[in-house]
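Chemist: Got a structure for you, model12.pdb, holding PDB, C-alpha atoms.
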MODEL        1
ATOM      1  CA  MET B 784     -17.959  -8.212   5.219
ATOM      2  CA  THR B 785     -14.736  -6.471   6.227
ATOM      3  CA  PHE B 786     -11.292  -7.926   5.655
ATOM      4  CA  ASP B 787      -8.941  -8.370   8.605
ATOM      5  CA  SER B 788      -5.710  -6.690   7.449
ATOM      6  CA  ARG B 789      -3.683  -8.960   9.726
ATOM      7  CA  ASN B 790      -4.164 -11.679   7.109
ATOM      8  CA  MET B 791      -2.514  -9.619   4.350
ATOM      9  CA  MET B 792       0.736 -10.735   2.743
ATOM     10  CA  PHE B 793       3.465  -8.093   2.425
ATOM     11  CA  ALA B 794       6.449  -7.712   0.136
ATOM     12  CA  THR B 795       9.530  -6.071   1.601
ATOM     13  CA  LEU B 796      11.101  -3.789  -0.992
ATOM     14  CA  SER B 797      14.870  -3.479  -1.314
ATOM     15  CA  ASN B 798      14.849  -0.335   0.859
ATOM     16  CA  GLY B 799      12.867  -2.014   3.648
ATOM     17  CA  VAL B 800       9.468  -0.496   2.795
ATOM     18  CA  LYS B 801       6.630  -3.000   3.215
ATOM     19  CA  MET B 802       4.019  -3.141   0.453
ATOM     20  CA  PRO B 803       0.696  -5.024   0.686
ATOM     21  CA  MET B 804       0.839  -7.711  -1.990
ATOM     22  CA  LEU B 805      -2.839  -7.371  -2.863
ATOM     23  CA  GLY B 806      -4.156  -3.954  -3.828
ATOM     24  CA  HIS B 807      -7.037  -2.310  -5.626
ATOM     25  CA  GLY B 808      -6.399  -0.952  -9.127
ATOM     26  CA  VAL B 809      -8.355   1.849 -10.777
ATOM     27  CA  TYR B 810      -7.260   1.517 -14.414
ATOM     28  CA  GLN B 811     -10.193   2.368 -16.729
ATOM     29  CA  VAL B 812     -12.322   3.428 -13.760
ATOM     30  CA  SER B 813     -14.111   6.647 -14.725
ATOM     31  CA  GLN B 814     -13.849   9.809 -12.675
ATOM     32  CA  ASP B 815     -17.556   9.466 -11.899
ATOM     33  CA  ASP B 816     -17.061   5.997 -10.388
ATOM     34  CA  CYS B 817     -13.550   6.223  -8.995
ATOM     35  CA  GLU B 818     -14.135   7.982  -5.677
ATOM     36  CA  ARG B 819     -16.939   5.581  -4.768
ATOM     37  CA  CYS B 820     -14.849   2.554  -5.822
ATOM     38  CA  VAL B 821     -11.843   3.576  -3.733
ATOM     39  CA  ARG B 822     -14.086   4.356  -0.786
ATOM     40  CA  ASP B 823     -15.655   0.900  -1.091
ATOM     41  CA  ALA B 824     -12.256  -0.742  -1.414
ATOM     42  CA  LEU B 825     -10.957   0.948   1.726
ATOM     43  CA  GLU B 826     -14.120   0.120   3.643
ATOM     44  CA  VAL B 827     -13.882  -3.614   2.880
ATOM     45  CA  GLY B 828     -10.216  -3.724   3.852
ATOM     46  CA  TYR B 829      -7.872  -2.777   1.021
ATOM     47  CA  ARG B 830      -4.849  -0.758   2.092
ATOM     48  CA  HIS B 831      -3.041  -0.564  -1.248
ATOM     49  CA  ILE B 832      -4.486   1.630  -4.002
ATOM     50  CA  ASP B 833      -2.896   1.758  -7.464
ATOM     51  CA  THR B 834      -3.515   4.677  -9.840
ATOM     52  CA  ALA B 835      -1.554   6.582 -12.508
ATOM     53  CA  GLN B 836      -1.320   9.989 -14.134
ATOM     54  CA  SER B 837      -2.634   8.488 -17.379
ATOM     55  CA  TYR B 838      -5.775   7.137 -15.667
ATOM     56  CA  TYR B 839      -6.981  10.712 -15.073
ATOM     57  CA  ASN B 840      -8.465   9.797 -11.692
ATOM     58  CA  GLU B 841      -5.738  10.711  -9.188
ATOM     59  CA  GLU B 842      -7.907  13.488  -7.731
ATOM     60  CA  GLN B 843     -10.766  11.106  -7.078
ATOM     61  CA  VAL B 844      -8.401   8.606  -5.449
ATOM     62  CA  GLY B 845      -6.979  11.344  -3.239
ATOM     63  CA  THR B 846     -10.417  12.570  -2.213
ATOM     64  CA  ALA B 847     -11.533   9.058  -1.232
ATOM     65  CA  ILE B 848      -8.398   8.376   0.818
ATOM     66  CA  ALA B 849      -8.560  11.766   2.558
ATOM     67  CA  ALA B 850     -12.230  11.256   3.452
ATOM     68  CA  SER B 851     -11.812   7.647   4.587
ATOM     69  CA  GLY B 852     -10.758   8.454   8.132
ATOM     70  CA  ILE B 853      -7.956   5.903   7.784
ATOM     71  CA  ASP B 854      -4.553   7.094   8.931
ATOM     72  CA  ARG B 855      -2.456   7.941   5.870
ATOM     73  CA  GLY B 856       0.365   5.761   7.184
ATOM     74  CA  GLU B 857      -1.895   2.698   6.931
ATOM     75  CA  THR B 858      -2.584   3.186   3.216
ATOM     76  CA  PHE B 859      -0.022   2.290   0.547
ATOM     77  CA  LEU B 860      -0.496   4.542  -2.490
ATOM     78  CA  THR B 861       1.007   3.836  -5.921
ATOM     79  CA  SER B 862       0.979   6.137  -8.942
ATOM     80  CA  LYS B 863       2.889   6.266 -12.219
ATOM     81  CA  VAL B 864       4.548   8.956 -14.352
ATOM     82  CA  TRP B 865       3.249   9.080 -17.900
ATOM     83  CA  LEU B 866       5.413   9.419 -21.004
ATOM     84  CA  GLU B 867       5.029  13.101 -21.823
ATOM     85  CA  HIS B 868       6.376  13.903 -18.366
ATOM     86  CA  PHE B 869       9.605  11.947 -18.806
ATOM     87  CA  GLY B 870      12.784  14.026 -18.506
ATOM     88  CA  GLU B 871      14.681  15.942 -15.851
ATOM     89  CA  GLY B 872      12.525  18.696 -14.417
ATOM     90  CA  ALA B 873       9.374  17.565 -16.195
ATOM     91  CA  THR B 874       9.105  14.376 -14.147
ATOM     92  CA  ARG B 875       9.581  16.250 -10.868
ATOM     93  CA  ALA B 876       6.885  18.762 -11.826
ATOM     94  CA  SER B 877       4.471  15.972 -12.749
ATOM     95  CA  VAL B 878       5.019  14.129  -9.453
ATOM     96  CA  GLU B 879       4.470  17.336  -7.495
ATOM     97  CA  GLU B 880       1.213  17.760  -9.426
ATOM     98  CA  SER B 881       0.279  14.165  -8.572
ATOM     99  CA  LEU B 882       0.935  14.919  -4.908
ATOM    100  CA  ARG B 883      -1.440  17.871  -5.132
ATOM    101  CA  LYS B 884      -4.138  15.817  -6.854
ATOM    102  CA  LEU B 885      -3.725  12.927  -4.412
ATOM    103  CA  LYS B 886      -3.920  15.336  -1.456
ATOM    104  CA  THR B 887      -0.885  13.840   0.233
ATOM    105  CA  ASP B 888       2.632  14.839   1.270
ATOM    106  CA  TYR B 889       4.164  11.653  -0.094
ATOM    107  CA  ILE B 890       3.480   8.783  -2.465
ATOM    108  CA  ASP B 891       4.467   5.315  -1.297
ATOM    109  CA  LEU B 892       5.502   4.012  -4.714
ATOM    110  CA  MET B 893       6.040   5.990  -7.936
ATOM    111  CA  LEU B 894       6.677   4.091 -11.154
ATOM    112  CA  LEU B 895       7.814   5.056 -14.632
ATOM    113  CA  HIS B 896       4.798   3.815 -16.579
ATOM    114  CA  GLN B 897       6.461   2.813 -19.866
ATOM    115  CA  PRO B 898       9.999   1.905 -21.053
ATOM    116  CA  PHE B 899      10.141   4.555 -23.790
ATOM    117  CA  GLY B 900      11.426   8.112 -24.092
ATOM    118  CA  ASP B 901      13.810   9.798 -21.655
ATOM    119  CA  VAL B 902      13.532   7.157 -18.955
ATOM    120  CA  PHE B 903      16.988   7.948 -17.574
ATOM    121  CA  GLY B 904      16.252  11.648 -17.142
ATOM    122  CA  ALA B 905      12.912  10.772 -15.549
ATOM    123  CA  TRP B 906      14.618   8.316 -13.207
ATOM    124  CA  ARG B 907      17.066  10.976 -12.009
ATOM    125  CA  ASP B 908      14.089  13.093 -10.950
ATOM    126  CA  LEU B 909      12.496  10.145  -9.129
ATOM    127  CA  VAL B 910      15.757   9.407  -7.329
ATOM    128  CA  GLU B 911      15.890  13.029  -6.124
ATOM    129  CA  LEU B 912      12.268  12.920  -4.974
ATOM    130  CA  TYR B 913      12.980   9.629  -3.212
ATOM    131  CA  GLY B 914      15.930  11.213  -1.437
ATOM    132  CA  GLU B 915      13.673  14.073  -0.304
ATOM    133  CA  GLY B 916      11.030  11.693   1.069
ATOM    134  CA  LYS B 917       8.315  12.804  -1.356
ATOM    135  CA  VAL B 918       8.172   9.222  -2.612
ATOM    136  CA  ARG B 919       8.985   6.283  -0.329
ATOM    137  CA  ALA B 920       9.912   3.873  -3.121
ATOM    138  CA  ILE B 921      10.460   4.038  -6.884
ATOM    139  CA  GLY B 922      10.100   1.532  -9.671
ATOM    140  CA  ILE B 923       9.228   0.793 -13.268
ATOM    141  CA  SER B 924       6.382  -0.680 -15.274
ATOM    142  CA  ASN B 925       6.338  -2.610 -18.553
ATOM    143  CA  PHE B 926      10.119  -3.068 -18.659
ATOM    144  CA  TYR B 927      10.958  -6.408 -20.275
ATOM    145  CA  ALA B 928      14.089  -8.207 -19.109
ATOM    146  CA  ASP B 929      16.494  -6.574 -21.557
ATOM    147  CA  ARG B 930      15.338  -3.034 -20.797
ATOM    148  CA  MET B 931      15.151  -3.749 -17.078
ATOM    149  CA  VAL B 932      18.701  -5.120 -16.947
ATOM    150  CA  GLU B 933      19.982  -2.137 -18.915
ATOM    151  CA  PHE B 934      18.186   0.190 -16.503
ATOM    152  CA  CYS B 935      19.633  -1.565 -13.452
ATOM    153  CA  GLU B 936      23.160  -1.678 -14.794
ATOM    154  CA  PHE B 937      23.284   1.983 -15.783
ATOM    155  CA  ASN B 938      21.650   3.498 -12.689
ATOM    156  CA  ASP B 939      23.099   3.641  -9.189
ATOM    157  CA  VAL B 940      19.655   3.374  -7.580
ATOM    158  CA  LYS B 941      17.874   0.246  -8.785
ATOM    159  CA  PRO B 942      14.099  -0.007  -9.310
ATOM    160  CA  MET B 943      12.328  -1.577  -6.352
ATOM    161  CA  VAL B 944       9.250  -2.857  -8.246
ATOM    162  CA  ASN B 945       8.500  -3.846 -11.845
ATOM    163  CA  GLN B 946       4.795  -3.886 -12.696
ATOM    164  CA  MET B 947       4.032  -6.088 -15.709
ATOM    165  CA  GLU B 948       1.263  -8.085 -17.361
ATOM    166  CA  ARG B 949       1.259 -11.383 -15.428
ATOM    167  CA  HIS B 950      -1.547 -13.943 -15.562
ATOM    168  CA  PRO B 951      -1.760 -17.672 -16.337
ATOM    169  CA  LEU B 952      -1.538 -17.176 -20.110
ATOM    170  CA  ASN B 953       1.414 -14.767 -19.939
ATOM    171  CA  GLN B 954       3.424 -15.504 -16.809
ATOM    172  CA  ASN B 955       6.739 -13.699 -17.461
ATOM    173  CA  SER B 956       8.561 -16.340 -15.425
ATOM    174  CA  GLU B 957      11.975 -15.669 -16.993
ATOM    175  CA  LEU B 958      11.595 -11.974 -16.224
ATOM    176  CA  MET B 959      10.892 -12.886 -12.596
ATOM    177  CA  GLU B 960      14.246 -14.644 -12.341
ATOM    178  CA  TRP B 961      16.009 -11.497 -13.540
ATOM    179  CA  GLU B 962      13.957  -9.390 -11.126
ATOM    180  CA  LYS B 963      14.979 -11.606  -8.215
ATOM    181  CA  GLY B 964      18.603 -11.188  -9.206
ATOM    182  CA  TYR B 965      18.314  -7.422  -8.861
ATOM    183  CA  GLY B 966      16.160  -7.456  -5.733
ATOM    184  CA  ILE B 967      13.114  -6.163  -7.613
ATOM    185  CA  VAL B 968       9.610  -7.098  -6.437
ATOM    186  CA  SER B 969       7.425  -8.525  -9.205
ATOM    187  CA  GLU B 970       3.954  -6.999  -9.553
ATOM    188  CA  ALA B 971       1.092  -7.909 -11.881
ATOM    189  CA  TRP B 972      -1.236  -5.679 -13.794
ATOM    190  CA  ALA B 973      -4.204  -7.440 -15.423
ATOM    191  CA  PRO B 974      -3.854 -10.491 -13.131
ATOM    192  CA  PHE B 975      -7.009 -11.873 -14.786
ATOM    193  CA  GLY B 976      -5.867 -10.988 -18.305
ATOM    194  CA  GLU B 977      -9.214  -9.176 -18.531
ATOM    195  CA  GLY B 978     -10.676 -12.635 -19.142
ATOM    196  CA  ARG B 979      -9.107 -12.868 -22.584
ATOM    197  CA  GLY B 980      -8.387 -16.308 -23.968
ATOM    198  CA  GLY B 981     -11.305 -17.720 -21.982
ATOM    199  CA  LEU B 982      -9.366 -17.487 -18.719
ATOM    200  CA  PHE B 983     -12.365 -17.383 -16.373
ATOM    201  CA  GLY B 984     -13.722 -20.564 -17.941
ATOM    202  CA  ASN B 985     -10.401 -22.357 -18.379
ATOM    203  CA  HIS B 986     -10.983 -25.998 -17.378
ATOM    204  CA  VAL B 987      -7.721 -26.247 -15.405
ATOM    205  CA  LEU B 988      -8.603 -23.186 -13.337
ATOM    206  CA  VAL B 989     -12.245 -24.248 -12.994
ATOM    207  CA  ASP B 990     -11.252 -27.664 -11.615
ATOM    208  CA  ILE B 991      -8.737 -26.168  -9.174
ATOM    209  CA  ALA B 992     -11.280 -23.595  -8.019
ATOM    210  CA  ALA B 993     -13.889 -26.291  -7.388
ATOM    211  CA  SER B 994     -11.457 -28.269  -5.242
ATOM    212  CA  HIS B 995     -11.028 -25.262  -2.921
ATOM    213  CA  ASP B 996     -14.618 -23.963  -3.134
ATOM    214  CA  LYS B 997     -13.258 -20.776  -4.694
ATOM    215  CA  THR B 998     -13.715 -18.894  -7.980
ATOM    216  CA  THR B 999     -11.293 -18.981 -10.890
ATOM    217  CA  ALA B1000     -10.518 -15.319 -10.177
ATOM    218  CA  GLN B1001      -9.497 -16.194  -6.620
ATOM    219  CA  VAL B1002      -7.326 -19.045  -7.901
ATOM    220  CA  MET B1003      -5.532 -16.699 -10.320
ATOM    221  CA  LEU B1004      -4.809 -14.220  -7.545
ATOM    222  CA  ARG B1005      -3.651 -16.936  -5.152
ATOM    223  CA  TRP B1006      -1.384 -18.432  -7.834
ATOM    224  CA  ASN B1007       0.417 -15.135  -8.397
ATOM    225  CA  LEU B1008       0.705 -14.464  -4.658
ATOM    226  CA  GLN B1009       2.181 -17.913  -4.010
ATOM    227  CA  ARG B1010       4.864 -17.337  -6.617
ATOM    228  CA  GLY B1011       5.767 -14.025  -4.982
ATOM    229  CA  VAL B1012       3.946 -11.650  -7.321
ATOM    230  CA  ALA B1013       1.970  -8.696  -5.958
ATOM    231  CA  VAL B1014      -1.433  -8.189  -7.610
ATOM    232  CA  ILE B1015      -3.717  -5.192  -8.162
ATOM    233  CA  PRO B1016      -7.059  -6.498  -9.459
ATOM    234  CA  LYS B1017      -9.636  -3.946 -10.554
ATOM    235  CA  SER B1018     -13.361  -4.081  -9.897
ATOM    236  CA  VAL B1019     -16.125  -1.497  -9.690
ATOM    237  CA  HIS B1020     -18.344  -3.931  -7.766
ATOM    238  CA  ARG B1021     -18.063  -4.050  -3.984
ATOM    239  CA  GLU B1022     -18.918  -7.761  -3.795
ATOM    240  CA  ARG B1023     -16.098  -8.569  -6.222
ATOM    241  CA  MET B1024     -13.697  -6.452  -4.184
ATOM    242  CA  VAL B1025     -14.571  -8.579  -1.163
ATOM    243  CA  GLU B1026     -14.163 -11.768  -3.196
ATOM    244  CA  ASN B1027     -10.734 -10.687  -4.450
ATOM    245  CA  LEU B1028      -9.541 -10.150  -0.876
ATOM    246  CA  ASP B1029     -10.729 -13.591   0.190
ATOM    247  CA  VAL B1030      -7.625 -15.477  -0.966
ATOM    248  CA  PHE B1031      -5.656 -15.943   2.238
ATOM    249  CA  ASP B1032      -7.485 -18.950   3.681
ATOM    250  CA  PHE B1033      -6.382 -21.565   1.145
ATOM    251  CA  GLU B1034      -3.191 -22.693  -0.576
ATOM    252  CA  LEU B1035      -2.605 -24.243  -3.978
ATOM    253  CA  THR B1036      -0.727 -27.546  -4.023
ATOM    254  CA  ASN B1037       2.530 -27.980  -5.909
ATOM    255  CA  GLU B1038       0.646 -30.012  -8.501
ATOM    256  CA  GLN B1039      -1.912 -27.238  -8.967
ATOM    257  CA  MET B1040       0.823 -24.608  -9.270
ATOM    258  CA  SER B1041       2.486 -26.761 -11.938
ATOM    259  CA  ALA B1042      -0.792 -27.241 -13.797
ATOM    260  CA  ILE B1043      -1.261 -23.466 -13.978
ATOM    261  CA  ALA B1044       2.372 -22.989 -15.014
ATOM    262  CA  ALA B1045       1.689 -25.274 -17.975
ATOM    263  CA  LEU B1046      -0.919 -22.798 -19.287
ATOM    264  CA  ASP B1047       1.748 -20.218 -20.146
ATOM    265  CA  THR B1048       1.696 -19.123 -23.807
ATOM    266  CA  LYS B1049       4.524 -16.614 -23.212
ATOM    267  CA  THR B1050       2.531 -14.176 -25.329
ATOM    268  CA  SER B1051       0.851 -10.945 -24.288
ATOM    269  CA  SER B1052      -2.933 -10.941 -24.258
ATOM    270  CA  PHE B1053      -2.785  -7.256 -25.207
ATOM    271  CA  PHE B1054       0.288  -6.084 -27.159
ATOM    272  CA  SER B1055       4.051  -6.313 -27.115
ATOM    273  CA  HIS B1056       6.195  -3.397 -25.984
ATOM    274  CA  ALA B1057       8.928  -4.879 -28.189
ATOM    275  CA  ASP B1058       6.809  -4.383 -31.348
ATOM    276  CA  PRO B1059       8.266  -1.409 -33.308
ATOM    277  CA  LYS B1060       4.771  -0.401 -34.423
ATOM    278  CA  MET B1061       3.674  -0.151 -30.794
ATOM    279  CA  VAL B1062       6.678   2.024 -30.001
ATOM    280  CA  GLN B1063       5.640   4.320 -32.856
ATOM    281  CA  TRP B1064       2.063   4.328 -31.524
ATOM    282  CA  PHE B1065       3.218   5.441 -28.056
ATOM    283  CA  ALA B1066       5.396   8.176 -29.570
ATOM    284  CA  GLN B1067       2.480   9.425 -31.683
ATOM    285  CA  MET B1068       0.201   9.432 -28.647
ATOM    286  CA  VAL B1069       2.671  11.588 -26.719
ATOM    287  CA  GLU B1070       2.892  14.119 -29.574
ATOM    288  CA  GLU B1071      -0.893  14.257 -29.877
ATOM    289  CA  ARG B1072      -1.263  14.903 -26.141
ATOM    290  CA  LYS B1073       1.386  17.613 -26.206
ATOM    291  CA  ALA B1074      -0.344  19.279 -29.152
ATOM    292  CA  LYS B1075      -3.655  19.145 -27.303
ATOM    293  CA  LEU B1076      -2.105  20.766 -24.254
ATOM    294  CA  ARG B1077      -0.551  23.498 -26.388
ATOM    295  CA  GLY B1078      -3.909  24.111 -28.022
ATOM    296  CA  SER B1079      -5.621  24.456 -24.639
ATOM    297  CA  GLY B1080      -3.018  26.964 -23.469
ATOM    298  CA  ASN B1081      -1.864  24.763 -20.551
TER     299      ASN B1081
ENDMDL
END
Could I get this file's structure written as structure tokens?
Modeler:
Amino acid sequence: MTFDSRNMMFATLSNGVKMPMLGHGVYQVSQDDCERCVRDALEVGYRHIDTAQSYYNEEQVGTAIAASGIDRGETFLTSKVWLEHFGEGATRASVEESLRKLKTDYIDLMLLHQPFGDVFGAWRDLVELYGEGKVRAIGISNFYADRMVEFCEFNDVKPMVNQMERHPLNQNSELMEWEKGYGIVSEAWAPFGEGRGGLFGNHVLVDIAASHDKTTAQVMLRWNLQRGVAVIPKSVHRERMVENLDVFDFELTNEQMSAIAALDTKTSSFFSHADPKMVQWFAQMVEERKAKLRGSGN
């Protein structure tokens, strides 16, 4: 089965760039599996691939896209700058390295992966790269409302996308209202919450899925899409990739949307970026990675 891309929904970013609202994510996909997964995703119809420097699979993504035979202009490519590369000069160098690994002259969307460290210095580099056409759009990831508003108010160029945890148990609806106010497109990582909290077997989602002859996974994707949130589900199985694309031939009713909205716990299924201990953990991780790089002579 091959997906007809004419059925895809698109988000128009604040600079006019159009982004497919359903993409294929490669978080936690090993280097051994990644090239095959991206090749499968492109073959069944995906045209938005989401990777990151911290996933350590940019090269495999780039190889699959280059070998696909699909015109580069038809593929929307997202990557993200990791923490140890934040800061003027360092961020530019890391993006240029990502370009090399991805085997492309430009990246469609480059995000700052976390809200910690020298985010303002990193942003200045992204703005310069955006001005040079090496990235077509720039954005942020994991910025809660307070940090996002601060970032918007103290930068001339506003983020165009904010990628956050968004699934039925943690919907970030208030954040979405702030994003709309700044013209920022909402995007979801972990749109299934990795199945935590019994999401795939949740009786509300199961009943809604049965009424449309769909799976609970398809209902979760459709729910986010209908509320204007782009999604990047991950799968290493081709049949699941096809299933995740098959969400454009049905529509949830207002009552069903409300029933899913009522599932919101307003609590992360993973961890909170506002937890001081998590901030310390990220800082320690950065220092450990820098020490490892120094030890390797790189």
Chemist: Work out how far apart atom CA of Trp865 of chain B and atom CA of Ser837 of chain B are and give it in Å to one decimal.
Modeler: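 Separation of atom CA of Trp865 of chain B and atom CA of Ser837 of chain B: 5.9 Å.
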Chemist: Just checking: using all atoms listed in the file, which residue out of B:Ala928, B:Met1040, B:Met943, B:Leu894 ends up closest to Met959 of chain B?
Modeler: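 Distance minimum relative to Met959 of chain B lands on B:Ala928.
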Chemist: Give me the residues within 7 Å of Leu988 of chain B as a list in words, counting all atoms listed in the file and dropping any in the same chain fewer than 3 places off.
Modeler: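 Neighbouring residues, sequence-local ones excluded: Asn985, Ile991, Ala992, Thr999 and Val1002 of chain B.
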Chemist: Which residues would end up in the selection if the PyMOL selection byres ((chain B and resi 856) around 12) were applied here, given that I need the answer as a PDB file with C-alpha atoms, in the frame of the given file?
Modeler:
ATOM      1  CA  VAL B 800       9.468  -0.496   2.795  1.00  0.00           C
ATOM      2  CA  LYS B 801       6.630  -3.000   3.215  1.00  0.00           C
ATOM      3  CA  MET B 802       4.019  -3.141   0.453  1.00  0.00           C
ATOM      4  CA  ARG B 830      -4.849  -0.758   2.092  1.00  0.00           C
ATOM      5  CA  HIS B 831      -3.041  -0.564  -1.248  1.00  0.00           C
ATOM      6  CA  ILE B 848      -8.398   8.376   0.818  1.00  0.00           C
ATOM      7  CA  ALA B 849      -8.560  11.766   2.558  1.00  0.00           C
ATOM      8  CA  GLY B 852     -10.758   8.454   8.132  1.00  0.00           C
ATOM      9  CA  ILE B 853      -7.956   5.903   7.784  1.00  0.00           C
ATOM     10  CA  ASP B 854      -4.553   7.094   8.931  1.00  0.00           C
ATOM     11  CA  ARG B 855      -2.456   7.941   5.870  1.00  0.00           C
ATOM     12  CA  GLU B 857      -1.895   2.698   6.931  1.00  0.00           C
ATOM     13  CA  THR B 858      -2.584   3.186   3.216  1.00  0.00           C
ATOM     14  CA  PHE B 859      -0.022   2.290   0.547  1.00  0.00           C
ATOM     15  CA  LEU B 860      -0.496   4.542  -2.490  1.00  0.00           C
ATOM     16  CA  THR B 887      -0.885  13.840   0.233  1.00  0.00           C
ATOM     17  CA  ASP B 888       2.632  14.839   1.270  1.00  0.00           C
ATOM     18  CA  TYR B 889       4.164  11.653  -0.094  1.00  0.00           C
ATOM     19  CA  ILE B 890       3.480   8.783  -2.465  1.00  0.00           C
ATOM     20  CA  ASP B 891       4.467   5.315  -1.297  1.00  0.00           C
ATOM     21  CA  ARG B 919       8.985   6.283  -0.329  1.00  0.00           C
TER      22      ARG B 919
END
Chemist: Using all atoms listed in the file, which residue out of B:Gln843, B:Asn1027, B:Gln946, B:Gln811 lies closest to Lys997 of chain B?
Modeler: B:Asn1027
Chemist: Counting all atoms listed in the file, which residues in segment 866-963 of chain B sit no more than 8 Å from segment 1041-1060 of chain B? For each one, give the nearest pair of atoms and the distance in Å, sorted by chain then residue number, as CSV.
Modeler:
residue,atom,partner,partner_atom,distance
B:Asn925,CA,B:His1056,CA,7.5
B:Glu948,CA,B:Ser1051,CA,7.5
B:Pro951,CA,B:Asp1047,CA,5.8
B:Leu952,CA,B:Asp1047,CA,4.5
B:Asn953,CA,B:Lys1049,CA,4.9
B:Gln954,CA,B:Asp1047,CA,6.0
B:Asn955,CA,B:Lys1049,CA,6.8
Chemist: Go through the shown structure with the PyMOL selection byres ((chain B and resi 1006-1015) around 7) and write out the matching residues as a VMD selection string.
Modeler: chain B and resid 804 to 808 969 to 972 974 1002 to 1005 1016 to 1017 1040
Chemist: Taking the file as shown, what set of residues would the PyMOL selection byres ((chain B and resi 931) around 10) give back, as an mmCIF file with C-alpha atoms, keeping the file's coordinate frame?
Modeler:
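Saved to selection15.cif:
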data_model
loop_
_atom_site.group_PDB
_atom_site.id
_atom_site.type_symbol
_atom_site.label_atom_id
_atom_site.label_comp_id
_atom_site.auth_asym_id
_atom_site.auth_seq_id
_atom_site.Cartn_x
_atom_site.Cartn_y
_atom_site.Cartn_z
ATOM 1 C CA PRO B 898 9.999 1.905 -21.053
ATOM 2 C CA ILE B 923 9.228 0.793 -13.268
ATOM 3 C CA SER B 924 6.382 -0.680 -15.274
ATOM 4 C CA ASN B 925 6.338 -2.610 -18.553
ATOM 5 C CA PHE B 926 10.119 -3.068 -18.659
ATOM 6 C CA TYR B 927 10.958 -6.408 -20.275
ATOM 7 C CA ALA B 928 14.089 -8.207 -19.109
ATOM 8 C CA ASP B 929 16.494 -6.574 -21.557
ATOM 9 C CA ARG B 930 15.338 -3.034 -20.797
ATOM 10 C CA VAL B 932 18.701 -5.120 -16.947
ATOM 11 C CA GLU B 933 19.982 -2.137 -18.915
ATOM 12 C CA PHE B 934 18.186 0.190 -16.503
ATOM 13 C CA CYS B 935 19.633 -1.565 -13.452
ATOM 14 C CA GLU B 936 23.160 -1.678 -14.794
ATOM 15 C CA LYS B 941 17.874 0.246 -8.785
ATOM 16 C CA PRO B 942 14.099 -0.007 -9.310
ATOM 17 C CA ASN B 945 8.500 -3.846 -11.845
ATOM 18 C CA LEU B 958 11.595 -11.974 -16.224
ATOM 19 C CA TRP B 961 16.009 -11.497 -13.540
ATOM 20 C CA GLU B 962 13.957 -9.390 -11.126
ATOM 21 C CA TYR B 965 18.314 -7.422 -8.861
ATOM 22 C CA ILE B 967 13.114 -6.163 -7.613
#
Chemist: Skip Glu841 of chain B itself and residues of its chain fewer than 5 positions away, then list as a short mmCIF file (atom, residue, chain, number, x, y, z; two decimals) with C-alpha atoms, in the frame of the given file all residues within 7 Å of it, counting only C-alpha atoms.
Modeler:
data_model
loop_
_atom_site.label_atom_id
_atom_site.label_comp_id
_atom_site.auth_asym_id
_atom_site.auth_seq_id
_atom_site.Cartn_x
_atom_site.Cartn_y
_atom_site.Cartn_z
CA THR B 834 -3.52 4.68 -9.84
CA ALA B 835 -1.55 6.58 -12.51
CA GLN B 836 -1.32 9.99 -14.13
CA SER B 881 0.28 14.16 -8.57
CA LYS B 884 -4.14 15.82 -6.85
CA LEU B 885 -3.72 12.93 -4.41
#
Chemist: Counting all atoms listed in the file, which residue out of B:Val1025, B:Ile921, B:Val989, B:Val1019 sits closest to Arg819 of chain B?
Modeler: B:Val1019
Chemist: Using only C-alpha atoms, can you tell me which of B:Tyr829, B:Val910, B:Glu867, B:Leu1035 comes closest to Ala1074 of chain B?
Modeler: B:Glu867
Chemist: Can you tell me how far atom CA of Tyr838 of chain B sits from atom CA of Glu911 of chain B, in Å to one decimal?
Modeler: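 Pair atom CA of Tyr838 of chain B / atom CA of Glu911 of chain B returns 24.4 Å.
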Chemist: Using atom CA of Gln1039 of chain B and atom CA of Ser994 of chain B as the two end points, give the distance in Å to one decimal.
Modeler: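 Those two atoms sit 10.3 Å apart.
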